[in-house]
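The next block is query_9.cif, given as mmCIF, C-alpha atoms.
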```
data_my_file
loop_
_atom_site.label_atom_id
_atom_site.label_comp_id
_atom_site.auth_asym_id
_atom_site.auth_seq_id
_atom_site.Cartn_x
_atom_site.Cartn_y
_atom_site.Cartn_z
CA MET A 246 -21.18 -7.62 -4.36
CA LYS A 247 -23.35 -4.89 -5.87
CA SER A 248 -24.79 -2.07 -3.79
CA SER A 249 -28.31 -3.27 -4.65
CA HIS A 250 -27.56 -6.43 -2.64
CA LEU A 251 -27.15 -4.40 0.56
CA ASP A 252 -30.52 -4.13 2.25
CA ALA A 253 -31.48 -1.98 5.24
CA VAL A 254 -30.23 -4.53 7.78
CA ASP A 255 -26.83 -4.80 6.05
CA ARG A 256 -26.43 -1.02 6.00
CA GLN A 257 -27.47 -0.65 9.62
CA LEU A 258 -25.05 -3.40 10.66
CA LEU A 259 -22.14 -1.71 8.84
CA HIS A 260 -23.06 1.63 10.40
CA ALA A 261 -23.28 0.06 13.86
CA LEU A 262 -19.86 -1.55 13.47
CA THR A 263 -18.26 1.83 12.75
CA VAL A 264 -19.67 3.07 16.07
CA ALA A 265 -19.18 -0.07 18.19
CA PRO A 266 -16.81 -2.42 16.32
CA ARG A 267 -16.48 -4.91 19.20
CA ALA A 268 -20.11 -4.87 20.31
CA PRO A 269 -21.54 -8.39 20.72
CA PHE A 270 -24.05 -9.64 18.16
CA ARG A 271 -26.69 -9.67 20.90
CA LEU A 272 -26.42 -5.89 21.37
CA LEU A 273 -26.25 -5.18 17.64
CA ALA A 274 -29.37 -7.31 17.11
CA GLU A 275 -31.22 -5.49 19.88
CA ILE A 276 -30.34 -2.08 18.41
CA ILE A 277 -31.26 -3.02 14.83
CA GLY A 278 -34.38 -4.93 15.85
CA VAL A 279 -33.62 -8.41 14.54
CA SER A 280 -32.52 -11.71 16.07
CA ASP A 281 -28.97 -12.58 17.17
CA GLN A 282 -28.92 -15.31 14.52
CA THR A 283 -29.83 -12.83 11.79
CA ILE A 284 -26.94 -10.51 12.75
CA ALA A 285 -24.46 -13.40 12.92
CA ARG A 286 -25.63 -14.66 9.52
CA ARG A 287 -25.47 -11.19 7.94
CA TYR A 288 -21.99 -10.58 9.37
CA ARG A 289 -20.71 -13.86 7.90
CA ARG A 290 -22.28 -13.11 4.53
CA LEU A 291 -20.73 -9.64 4.42
CA THR A 292 -17.29 -11.06 5.23
CA GLU A 293 -17.67 -13.55 2.39
CA THR A 294 -19.24 -11.36 -0.28
CA ALA A 295 -18.20 -7.79 0.59
CA GLY A 296 -14.81 -8.38 2.22
CA LEU A 297 -15.97 -7.04 5.60
CA ARG A 298 -13.19 -6.96 8.19
CA VAL A 299 -12.84 -5.23 11.56
CA TYR A 300 -9.30 -4.20 12.52
CA GLY A 301 -7.70 -2.91 15.69
CA LEU A 302 -4.90 -0.48 14.79
CA ILE A 303 -2.36 1.77 16.50
CA ASP A 304 -2.40 5.51 15.86
CA GLY A 305 1.23 5.83 14.80
CA GLU A 306 1.39 9.60 15.26
CA ARG A 307 0.36 9.34 18.93
CA ALA A 308 2.87 6.51 19.42
CA GLY A 309 5.69 8.59 17.97
CA TRP A 310 5.92 6.49 14.81
CA VAL A 311 6.28 8.01 11.35
CA ASP A 312 4.27 6.94 8.32
CA TRP A 313 5.73 7.18 4.83
CA ILE A 314 3.95 6.96 1.49
CA VAL A 315 6.29 5.22 -0.93
CA ARG A 316 5.89 5.30 -4.73
CA LEU A 317 7.71 2.67 -6.75
CA GLN A 318 7.97 2.60 -10.53
CA ALA A 319 8.40 -0.89 -12.00
CA THR A 320 8.97 -2.36 -15.42
CA PRO A 321 5.87 -3.66 -17.24
CA GLY A 322 4.75 -7.05 -15.94
CA SER A 323 6.75 -6.91 -12.70
CA ALA A 324 4.62 -4.69 -10.48
CA GLN A 325 2.29 -7.36 -9.15
CA PRO A 326 4.92 -9.70 -7.62
CA ILE A 327 6.76 -6.69 -6.16
CA ALA A 328 3.50 -5.45 -4.64
CA ALA A 329 2.83 -8.91 -3.21
CA ALA A 330 6.27 -8.92 -1.56
CA LEU A 331 5.55 -5.52 -0.02
CA ALA A 332 2.13 -6.69 1.16
CA ARG A 333 3.69 -9.55 3.12
CA ARG A 334 5.72 -7.12 5.20
CA PRO A 335 4.27 -6.39 8.66
CA ASP A 336 5.16 -2.69 8.39
CA THR A 337 3.14 -1.97 5.23
CA ARG A 338 -0.44 -0.87 4.67
CA TRP A 339 -2.48 0.09 1.65
CA VAL A 340 -0.36 -1.61 -1.00
CA ARG A 341 -1.94 -0.74 -4.33
CA LEU A 342 -1.30 -0.84 -8.07
CA TYR A 343 -1.85 2.39 -9.96
CA SER A 344 -2.25 3.83 -13.42
CA GLY A 345 -0.99 1.48 -16.15
CA GLY A 346 0.06 -1.24 -13.73
CA THR A 347 3.67 -0.04 -13.50
CA GLU A 348 3.34 2.03 -10.31
CA ILE A 349 3.02 0.72 -6.75
CA VAL A 350 2.09 2.94 -3.81
CA CYS A 351 2.13 1.77 -0.22
CA THR A 352 2.29 3.16 3.30
CA LEU A 353 5.25 2.14 5.45
CA GLN A 354 5.42 2.67 9.19
CA ALA A 355 8.76 3.28 10.91
CA ARG A 356 8.77 3.16 14.72
CA THR A 357 12.27 4.63 15.14
CA PRO A 358 14.76 6.63 13.05
CA GLU A 359 16.98 3.52 12.94
CA GLN A 360 14.15 1.43 11.55
CA ARG A 361 13.42 4.14 8.98
CA ASN A 362 17.05 4.21 7.82
CA THR A 363 17.24 0.42 7.59
CA LEU A 364 13.95 0.38 5.72
CA PHE A 365 14.97 2.79 3.00
CA LEU A 366 18.63 1.84 2.68
CA ARG A 367 18.27 -1.94 2.72
CA GLY A 368 14.64 -2.96 3.27
CA LEU A 369 12.82 -1.98 0.08
CA PRO A 370 12.79 -4.13 -3.03
CA GLY A 371 16.12 -3.80 -4.79
CA SER A 372 15.10 -5.72 -7.86
CA ARG A 373 16.32 -4.57 -11.23
CA HIS A 374 12.61 -4.35 -12.12
CA VAL A 375 12.19 -1.33 -9.81
CA THR A 376 13.17 1.72 -11.84
CA ALA A 377 12.45 4.51 -9.32
CA ILE A 378 11.49 5.01 -5.68
CA THR A 379 10.24 8.17 -3.98
CA ALA A 380 9.21 8.48 -0.33
CA HIS A 381 6.90 11.09 1.19
CA SER A 382 6.81 11.50 4.97
CA ILE A 383 3.30 12.11 6.32
CA LEU A 384 3.48 15.34 8.30
CA HIS A 385 -0.14 15.75 9.33
CA GLU A 386 -3.41 13.90 8.67
CA PHE A 387 -6.46 16.09 8.11
CA THR A 388 -9.02 13.27 7.98
CA PRO A 389 -10.07 11.28 11.06
CA ALA A 390 -8.57 7.82 11.55
CA VAL A 391 -11.91 6.12 10.83
CA TYR A 392 -13.78 6.97 7.62
CA THR A 393 -17.52 7.17 8.23
CA GLY A 394 -18.66 8.15 4.75
CA TYR A 395 -20.64 4.94 4.39
CA ALA A 396 -22.20 5.25 7.86
CA SER A 397 -25.74 6.30 7.09
CA GLY A 398 -27.85 3.22 7.76
CA LEU A 399 -28.96 3.63 11.37
CA PRO A 400 -31.91 5.93 12.12
CA ALA A 401 -31.13 8.64 14.65
CA GLY A 402 -32.97 6.91 17.48
CA ARG A 403 -31.15 3.62 17.05
CA LEU A 404 -27.80 5.38 16.69
CA ALA A 405 -28.42 7.24 19.95
CA ALA A 406 -29.35 3.98 21.69
CA LEU A 407 -26.15 2.33 20.49
CA ARG A 408 -24.01 5.25 21.64
CA GLU A 409 -25.69 5.08 25.04
CA ALA A 410 -25.10 1.32 25.31
CA VAL A 411 -21.47 1.60 24.19
CA PRO A 412 -20.17 5.05 25.23
CA GLU A 413 -17.59 6.46 22.83
CA THR A 414 -14.01 6.47 24.05
CA LEU A 415 -12.74 9.96 23.33
CA PRO A 416 -8.95 10.20 22.92
CA PRO A 417 -7.03 13.04 24.53
CA PRO A 418 -6.33 16.06 22.31
CA PRO A 419 -3.26 15.76 20.04
CA GLU A 420 0.02 16.82 21.63
CA THR A 421 2.10 19.70 20.35
CA ALA A 422 5.86 19.31 20.42
CA PRO A 423 7.74 22.04 22.31
CA PRO A 424 9.83 24.55 20.32
CA LEU A 425 13.21 23.35 19.14
CA GLY A 426 15.74 23.69 21.98
CA ALA A 427 13.09 24.13 24.68
CA ALA A 428 13.61 20.58 25.95
CA PRO A 429 16.63 18.25 25.67
CA SER A 430 14.42 15.48 24.31
CA TRP A 431 10.72 14.98 23.64
CA THR A 432 8.55 12.06 22.66
CA PRO A 433 4.74 11.85 22.49
CA ALA A 434 3.15 10.56 25.69
CA GLY A 435 1.82 7.56 23.80
CA ALA A 436 5.36 6.35 23.17
CA ASP A 437 5.75 5.75 26.91
CA ILE A 438 2.37 4.04 27.28
CA LEU A 439 2.87 1.51 24.48
CA ARG A 440 5.05 -1.43 25.57
CA ASP A 441 6.83 -4.25 23.76
CA GLU A 442 4.60 -6.79 25.49
CA ASP A 443 1.62 -5.19 23.76
CA ASP A 444 2.84 -6.46 20.39
CA PRO A 445 1.03 -9.86 20.50
CA LEU A 446 -2.23 -8.12 21.46
CA ILE A 447 -1.83 -5.55 18.68
CA ALA A 448 -1.01 -8.28 16.15
CA GLU A 449 -4.14 -10.26 17.02
CA LEU A 450 -6.38 -7.20 16.88
CA ALA A 451 -4.86 -6.25 13.51
CA ARG A 452 -5.83 -9.72 12.33
CA ASP A 453 -9.35 -9.60 13.76
CA GLY A 454 -10.61 -6.60 15.67
CA ARG A 455 -13.57 -8.63 16.94
CA ALA A 456 -11.45 -11.50 18.29
CA PRO A 457 -12.97 -12.82 21.54
CA VAL A 458 -11.20 -11.83 24.74
CA ALA A 459 -10.49 -15.52 25.41
CA ASP A 460 -8.56 -15.78 22.13
CA LEU A 461 -6.65 -12.59 22.88
CA ALA A 462 -5.78 -13.92 26.34
CA ALA A 463 -4.43 -17.14 24.80
CA ALA A 464 -2.33 -15.19 22.29
CA THR A 465 -0.84 -12.90 24.93
CA SER A 466 -0.68 -15.37 27.85
CA TRP A 467 -2.56 -12.78 29.88
CA HIS A 468 -5.63 -13.15 32.05
CA GLU A 469 -8.86 -12.11 30.34
CA SER A 470 -9.34 -9.24 32.79
CA THR A 471 -5.84 -7.99 31.90
CA VAL A 472 -6.72 -8.05 28.20
CA ARG A 473 -9.88 -6.02 28.78
CA ARG A 474 -8.05 -3.52 30.96
CA ARG A 475 -5.19 -3.11 28.50
CA ILE A 476 -7.53 -2.54 25.56
CA ASP A 477 -9.35 0.12 27.60
CA GLU A 478 -6.05 1.78 28.55
CA LEU A 479 -4.81 1.91 24.97
CA ARG A 480 -8.12 3.28 23.72
CA GLN A 481 -8.33 5.96 26.41
CA ALA A 482 -4.80 7.05 25.51
CA GLY A 483 -5.89 7.42 21.89
CA LEU A 484 -3.36 4.80 20.79
CA LEU A 485 -5.74 2.00 19.81
CA TYR A 486 -8.66 2.51 17.47
CA PHE A 487 -10.91 0.19 15.48
CA ASP A 488 -11.85 0.49 11.84
CA ILE A 489 -13.93 -1.54 9.43
CA ASP A 490 -13.01 -2.38 5.88
CA VAL A 491 -15.49 -3.33 3.17
CA ASP A 492 -15.34 -3.60 -0.61
CA GLU A 493 -16.20 -0.14 -1.97
CA SER A 494 -18.10 -1.67 -4.88
CA ALA A 495 -20.75 -2.80 -2.39
CA PHE A 496 -21.63 0.89 -2.13
CA GLY A 497 -21.50 1.59 -5.86
CA VAL A 498 -17.92 2.90 -5.90
CA ASN A 499 -16.22 2.07 -9.21
CA ALA A 500 -13.52 4.74 -9.44
CA THR A 501 -10.85 5.13 -6.76
CA VAL A 502 -7.95 7.52 -7.22
CA MET A 503 -4.96 9.01 -5.46
CA LEU A 504 -4.55 12.75 -5.94
CA TRP A 505 -1.13 14.36 -5.53
CA LEU A 506 -1.72 18.08 -5.00
CA LYS A 507 0.73 20.96 -4.93
CA ILE A 508 -0.58 23.70 -2.65
CA GLU A 509 0.94 27.07 -1.79
CA PRO A 510 2.48 26.60 1.68
CA ALA A 511 0.48 29.47 3.19
CA SER A 512 -2.75 27.76 2.07
CA LEU A 513 -1.84 24.15 2.98
CA GLU A 514 -3.75 24.06 6.29
CA ALA A 515 -6.88 25.61 4.79
CA ALA A 516 -6.76 23.36 1.72
CA GLY A 517 -6.20 20.24 3.81
CA ARG A 518 -9.13 21.01 6.10
CA ALA A 519 -11.37 21.82 3.14
CA VAL A 520 -10.66 18.65 1.17
CA ALA A 521 -10.92 16.46 4.28
CA ALA A 522 -14.53 17.65 4.65
CA HIS A 523 -15.47 16.29 1.22
CA GLN A 524 -17.65 13.17 1.41
CA GLU A 525 -15.57 11.53 -1.33
CA VAL A 526 -12.31 11.73 0.65
CA PRO A 527 -11.43 8.95 3.13
CA PHE A 528 -7.86 10.18 3.53
CA ALA A 529 -6.01 13.49 3.19
CA ALA A 530 -2.58 14.38 4.59
CA ALA A 531 0.22 16.91 4.28
CA THR A 532 3.48 15.33 3.12
CA THR A 533 7.04 16.08 2.18
CA GLY A 534 8.08 15.93 -1.47
CA PRO A 535 7.41 17.83 -4.72
CA THR A 536 3.69 17.72 -3.91
CA ASN A 537 2.56 18.51 -0.39
CA LEU A 538 -1.04 17.27 -0.06
CA VAL A 539 -2.01 13.67 -0.84
CA VAL A 540 -5.67 12.68 -1.12
CA SER A 541 -7.41 9.33 -1.57
CA ALA A 542 -10.86 9.73 -3.11
CA ILE A 543 -13.72 7.45 -4.18
CA PHE A 544 -16.39 7.97 -6.82
CA ARG A 545 -19.36 6.26 -8.39
CA ASP A 546 -17.78 6.47 -11.85
CA THR A 547 -15.37 8.51 -13.95
CA ARG A 548 -18.07 11.07 -14.77
CA GLN A 549 -18.40 11.90 -11.07
CA LEU A 550 -14.59 12.00 -10.81
CA TYR A 551 -14.45 14.53 -13.66
CA GLU A 552 -17.10 16.70 -12.03
CA TYR A 553 -15.17 16.64 -8.77
CA LEU A 554 -11.83 17.53 -10.39
CA THR A 555 -13.29 20.48 -12.28
CA THR A 556 -15.45 21.95 -9.52
CA ARG A 557 -14.92 21.19 -5.83
CA LEU A 558 -11.26 20.20 -6.04
CA ALA A 559 -10.45 23.08 -8.40
CA GLY A 560 -11.77 25.50 -5.79
CA LEU A 561 -9.26 24.55 -3.09
CA PRO A 562 -7.27 27.54 -1.83
CA GLY A 563 -3.72 27.78 -3.11
CA LEU A 564 -4.05 24.87 -5.57
CA GLN A 565 -1.19 24.94 -8.10
CA SER A 566 -1.24 21.48 -9.71
CA VAL A 567 -2.97 18.09 -9.56
CA GLU A 568 -1.73 14.62 -10.51
CA THR A 569 -4.47 11.99 -10.71
CA ALA A 570 -3.51 8.31 -10.33
CA PRO A 571 -6.34 5.76 -10.77
CA ILE A 572 -6.11 2.68 -8.54
CA ILE A 573 -6.41 -0.52 -10.56
CA GLY A 574 -5.74 -3.11 -7.85
CA THR A 575 -5.33 -3.49 -4.10
CA MET A 576 -2.93 -6.07 -2.68
CA LYS A 577 -3.34 -5.09 0.97
CA LYS A 578 -5.41 -2.67 2.99
CA GLU A 579 -5.07 -2.36 6.77
CA GLY A 580 -4.45 -5.17 9.21
CA VAL A 581 -2.66 -8.41 8.34
CA TRP A 582 -2.10 -9.37 4.71
CA GLU A 583 -3.81 -12.48 3.43
CA SER A 584 -3.10 -14.02 0.05
CA PRO A 585 -6.07 -14.30 -2.33
CA ARG A 586 -5.92 -18.07 -1.96
CA ALA A 587 -6.02 -17.83 1.84
CA ARG A 588 -9.03 -15.57 1.66
CA SER A 589 -10.85 -17.93 -0.68
CA GLU A 590 -10.18 -20.88 1.62
CA GLU A 591 -11.08 -19.05 4.82
CA LYS A 592 -13.63 -20.80 6.98
CA ILE A 593 -16.10 -18.44 8.59
#
```
As a first step, turn the structure in this file into structure tokens.
Amino acid sequence: MKSSHLDAVDRQLLHALTVAPRAPFRLLAEIIGVSDQTIARRYRRLTETAGLRVYGLIDGERAGWVDWIVRLQATPGSAQPIAAALARRPDTRWVRLYSGGTEIVCTLQARTPEQRNTLFLRGLPGSRHVTAITAHSILHEFTPAVYTGYASGLPAGRLAALREAVPETLPPPPETAPPLGAAPSWTPAGADILRDEDDPLIAELARDGRAPVADLAAATSWHESTVRRRIDELRQAGLLYFDIDVDESAFGVNATVMLWLKIEPASLEAAGRAVAAHQEVPFAAATTGPTNLVVSAIFRDTRQLYEYLTTRLAGLPGLQSVETAPIIGTMKKEGVWESPRARSEEKI
């Protein structure tokens, strides 16, 4: 779907969904100034032609989980099936093919140290076609959980009306761990709020963040009022957030890259904050490893990428080196993985 196919209603709908992802079509129609049927029809068309999805996701850092970015080198011709196997795992996100089609990068989420050890010692592909594996622990994310770079469709008055109709749930401020030795044990408060019985609810929201409460109640065997209350509790604790996903090409994005930056340690915080403020950057985080700042960036074309690399990125404080890895294919984003065939056969 080309960006020229997105009209004003499409752009306003996408913007509205970033603000109120579970708002009913009736409210979205009222805010945008069209009929309920028009919004429902546009939403279905965007899911079919632009890959629009709404996901409900857990903020792993607040839950005490640890995210890892894993880079796998594979022999020529073997990367795609290995990436597909990784995409089918429930603990992976953002499974992508890079560079010449021999590198796979994905995000893995480990809830406990035991799960992390099992994951890396026995859980990753052990095929003879994998020639190297490196893992980078995400230490701190500089960008917000939800990327709003595309959110520019709603006029200020309509945006204000939507925020008034659906007040924003502000999470509590991030916790700071006490100094080493100050407490016998410490876990983020979110780790105590999240329960095992939440797993079916989280799984359904990861599949469809706009799933009706009745469907969520059936999946969890809870009463509908319990589902509503639990969603509110998780959101107020900052554990549950909603994000939308849409094909970047619908907005004229034709060059997506991962940037592995090496920053002087004393400048890492300043560099991370600076790059996270760039409109082109949906994701930036400090990591372990030979590089210490990883950035995902999107561009209209390679000319714009070149301009960015030689100007704005080059001006980051403490920048020592840059590795640029173009993304050539995406096997899985956030939420639940669906095979290409399943997506093509999906009934909306």
Expected residue set, 10 Å radius at (-2.4, 17.2, 8.9), all atoms listed in the file, as a list in words: Ile383, Leu384, His385, Glu386, Phe387, Thr388, Pro389, Leu513, Glu514, Gly517, Arg518, Ala521, Ala529, Ala530, Ala531, Thr532 and Leu538 of chain A
Given 5 Å of margin on each side, can you work out the centre and size in Å (one decimal) of an axis-aligned box holding every listed atom of segment 522-531 of chain A, as JSON?
```
{"center_x": -8.7, "center_y": 13.3, "center_z": 1.7, "size_x": 27.9, "size_y": 18.7, "size_z": 16.0}
```
Contacts of Asp255 of chain A within 9 Å, all atoms listed in the file, excl. fewer than 2 positions in-chain, as a list in words: His250, Leu251, Asp252, Ala253, Gln257, Leu258, Leu259, His260, Ile284, Arg287, Tyr288, Leu291 and Gly398 of chain A
Could you write out that same residue set with C-alpha atoms as an mmCIF file, in the frame of the given file?
```
data_model
loop_
_atom_site.group_PDB
_atom_site.id
_atom_site.type_symbol
_atom_site.label_atom_id
_atom_site.label_comp_id
_atom_site.auth_asym_id
_atom_site.auth_seq_id
_atom_site.Cartn_x
_atom_site.Cartn_y
_atom_site.Cartn_z
ATOM 1 C CA HIS A 250 -27.560 -6.430 -2.640
ATOM 2 C CA LEU A 251 -27.150 -4.400 0.560
ATOM 3 C CA ASP A 252 -30.520 -4.130 2.250
ATOM 4 C CA ALA A 253 -31.480 -1.980 5.240
ATOM 5 C CA GLN A 257 -27.470 -0.650 9.620
ATOM 6 C CA LEU A 258 -25.050 -3.400 10.660
ATOM 7 C CA LEU A 259 -22.140 -1.710 8.840
ATOM 8 C CA HIS A 260 -23.060 1.630 10.400
ATOM 9 C CA ILE A 284 -26.940 -10.510 12.750
ATOM 10 C CA ARG A 287 -25.470 -11.190 7.940
ATOM 11 C CA TYR A 288 -21.990 -10.580 9.370
ATOM 12 C CA LEU A 291 -20.730 -9.640 4.420
ATOM 13 C CA GLY A 398 -27.850 3.220 7.760
#
```
Applied to this file, what does the PyMOL selection byres ((chain A and resi 317-320) around 9) return in terms of residues, put as a CSV table (one decimal) with C-alpha atoms, keeping the file's coordinate frame?
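Ended up saving to expr.csv:
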```csv
chain,number,residue,atom,x,y,z
A,315,VAL,CA,6.3,5.2,-0.9
A,316,ARG,CA,5.9,5.3,-4.7
A,321,PRO,CA,5.9,-3.7,-17.2
A,322,GLY,CA,4.8,-7.0,-15.9
A,323,SER,CA,6.8,-6.9,-12.7
A,324,ALA,CA,4.6,-4.7,-10.5
A,327,ILE,CA,6.8,-6.7,-6.2
A,346,GLY,CA,0.1,-1.2,-13.7
A,347,THR,CA,3.7,0.0,-13.5
A,348,GLU,CA,3.3,2.0,-10.3
A,349,ILE,CA,3.0,0.7,-6.8
A,350,VAL,CA,2.1,2.9,-3.8
A,351,CYS,CA,2.1,1.8,-0.2
A,373,ARG,CA,16.3,-4.6,-11.2
A,374,HIS,CA,12.6,-4.4,-12.1
A,375,VAL,CA,12.2,-1.3,-9.8
A,376,THR,CA,13.2,1.7,-11.8
A,377,ALA,CA,12.4,4.5,-9.3
A,378,ILE,CA,11.5,5.0,-5.7
A,379,THR,CA,10.2,8.2,-4.0
A,380,ALA,CA,9.2,8.5,-0.3
```
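Across A:Thr283, A:Ser541, A:Asn499, A:Ser382, the tightest approach to Pro527 of chain A is made by A:Ser541 when counting all atoms listed in the file.
Taking atom CA of Ala308 of chain A as the reference point, atom CA of Thr337 of chain A is found at 16.5 Å.
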Residue nearest Ala405 of chain A among A:Leu561, A:Arg548, A:Val264, A:Pro510 (counting only C-alpha atoms): A:Val264
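What the PyMOL selection byres ((chain A and resi 443) around 12) grabs from this file is Ile303, Ile438, Leu439, Arg440, Asp441, Glu442, Asp444, Pro445, Leu446, Ile447, Ala448, Glu449, Leu450, Leu461, Ala462, Ala464, Thr465, Ser466, Trp467, Thr471, Val472, Arg475, Ile476, Glu478, Leu479, Leu484 and Leu485 of chain A.
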Contacts of Leu297 of chain A at 6 Å (all atoms listed in the file; same-chain gap of 3+ positions) as a PyMOL selection string: chain A and resi 291-292+490-491
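Closest to Gly497 of chain A among A:Thr294, A:Arg545, A:Ala459, A:Gly534 is A:Arg545, based on all atoms listed in the file.
Atom CA of Gly454 of chain A lies 18.8 Å from atom CA of Ala274 of chain A.
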Residues selected by the PyMOL selection byres ((chain A and resi 353) around 7), written as a PyMOL selection string: chain A and resi 312-314+336-338+351-352+354-355
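Here atom CA of Trp339 of chain A and atom CA of Lys577 of chain A stand 5.3 Å from one another.
Of the residues listed (A:Ala332, A:Leu407, A:Ala285, A:Ala482), A:Ala482 shows the shortest atom-to-atom separation from Asp304 of chain A; distances use only C-alpha atoms.
Here the question is which of A:Pro571, A:Gly278, A:Pro266, A:Pro562 gets nearest to Phe544 of chain A using all atoms listed in the file, and that residue is A:Pro571.
You can rank A:Ser344, A:Ala456, A:Arg473, A:Val254 by their closest distance to Val279 of chain A using all atoms listed in the file, and at the top of that list sits A:Val254.
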Could you please fill out segment 374-385 of chain A with N, CA, C and O atoms and send it back as a short mmCIF file (atom, residue, chain, number, x, y, z; two decimals), in the coordinates of the input?
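Final file, selection_36.cif:
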```
data_model
loop_
_atom_site.label_atom_id
_atom_site.label_comp_id
_atom_site.auth_asym_id
_atom_site.auth_seq_id
_atom_site.Cartn_x
_atom_site.Cartn_y
_atom_site.Cartn_z
N HIS A 374 13.89 -4.73 -11.52
CA HIS A 374 12.61 -4.35 -12.12
C HIS A 374 12.03 -3.08 -11.52
O HIS A 374 11.06 -2.54 -12.03
N VAL A 375 12.61 -2.60 -10.40
CA VAL A 375 12.19 -1.33 -9.81
C VAL A 375 13.05 -0.23 -10.42
O VAL A 375 14.26 -0.20 -10.26
N THR A 376 12.42 0.69 -11.12
CA THR A 376 13.17 1.72 -11.84
C THR A 376 13.27 3.04 -11.08
O THR A 376 14.15 3.85 -11.37
N ALA A 377 12.39 3.27 -10.09
CA ALA A 377 12.45 4.51 -9.32
C ALA A 377 11.68 4.35 -8.02
O ALA A 377 10.68 3.62 -7.98
N ILE A 378 12.16 5.00 -6.97
CA ILE A 378 11.49 5.01 -5.68
C ILE A 378 11.49 6.43 -5.13
O ILE A 378 12.53 7.09 -5.12
N THR A 379 10.32 6.90 -4.68
CA THR A 379 10.24 8.17 -3.98
C THR A 379 9.46 7.94 -2.69
O THR A 379 8.54 7.13 -2.66
N ALA A 380 9.85 8.64 -1.63
CA ALA A 380 9.21 8.48 -0.33
C ALA A 380 8.74 9.83 0.18
O ALA A 380 9.48 10.82 0.13
N HIS A 381 7.51 9.86 0.68
CA HIS A 381 6.90 11.09 1.19
C HIS A 381 6.53 10.87 2.65
O HIS A 381 5.69 10.02 2.96
N SER A 382 7.14 11.61 3.55
CA SER A 382 6.81 11.50 4.97
C SER A 382 5.47 12.20 5.23
O SER A 382 5.23 13.31 4.76
N ILE A 383 4.59 11.51 5.96
CA ILE A 383 3.30 12.11 6.32
C ILE A 383 3.51 13.04 7.51
O ILE A 383 3.91 12.62 8.59
N LEU A 384 3.25 14.32 7.28
CA LEU A 384 3.48 15.34 8.30
C LEU A 384 2.25 15.56 9.18
O LEU A 384 2.38 15.81 10.38
N HIS A 385 1.08 15.49 8.57
CA HIS A 385 -0.14 15.75 9.33
C HIS A 385 -1.33 15.17 8.57
O HIS A 385 -1.45 15.37 7.36
#
```
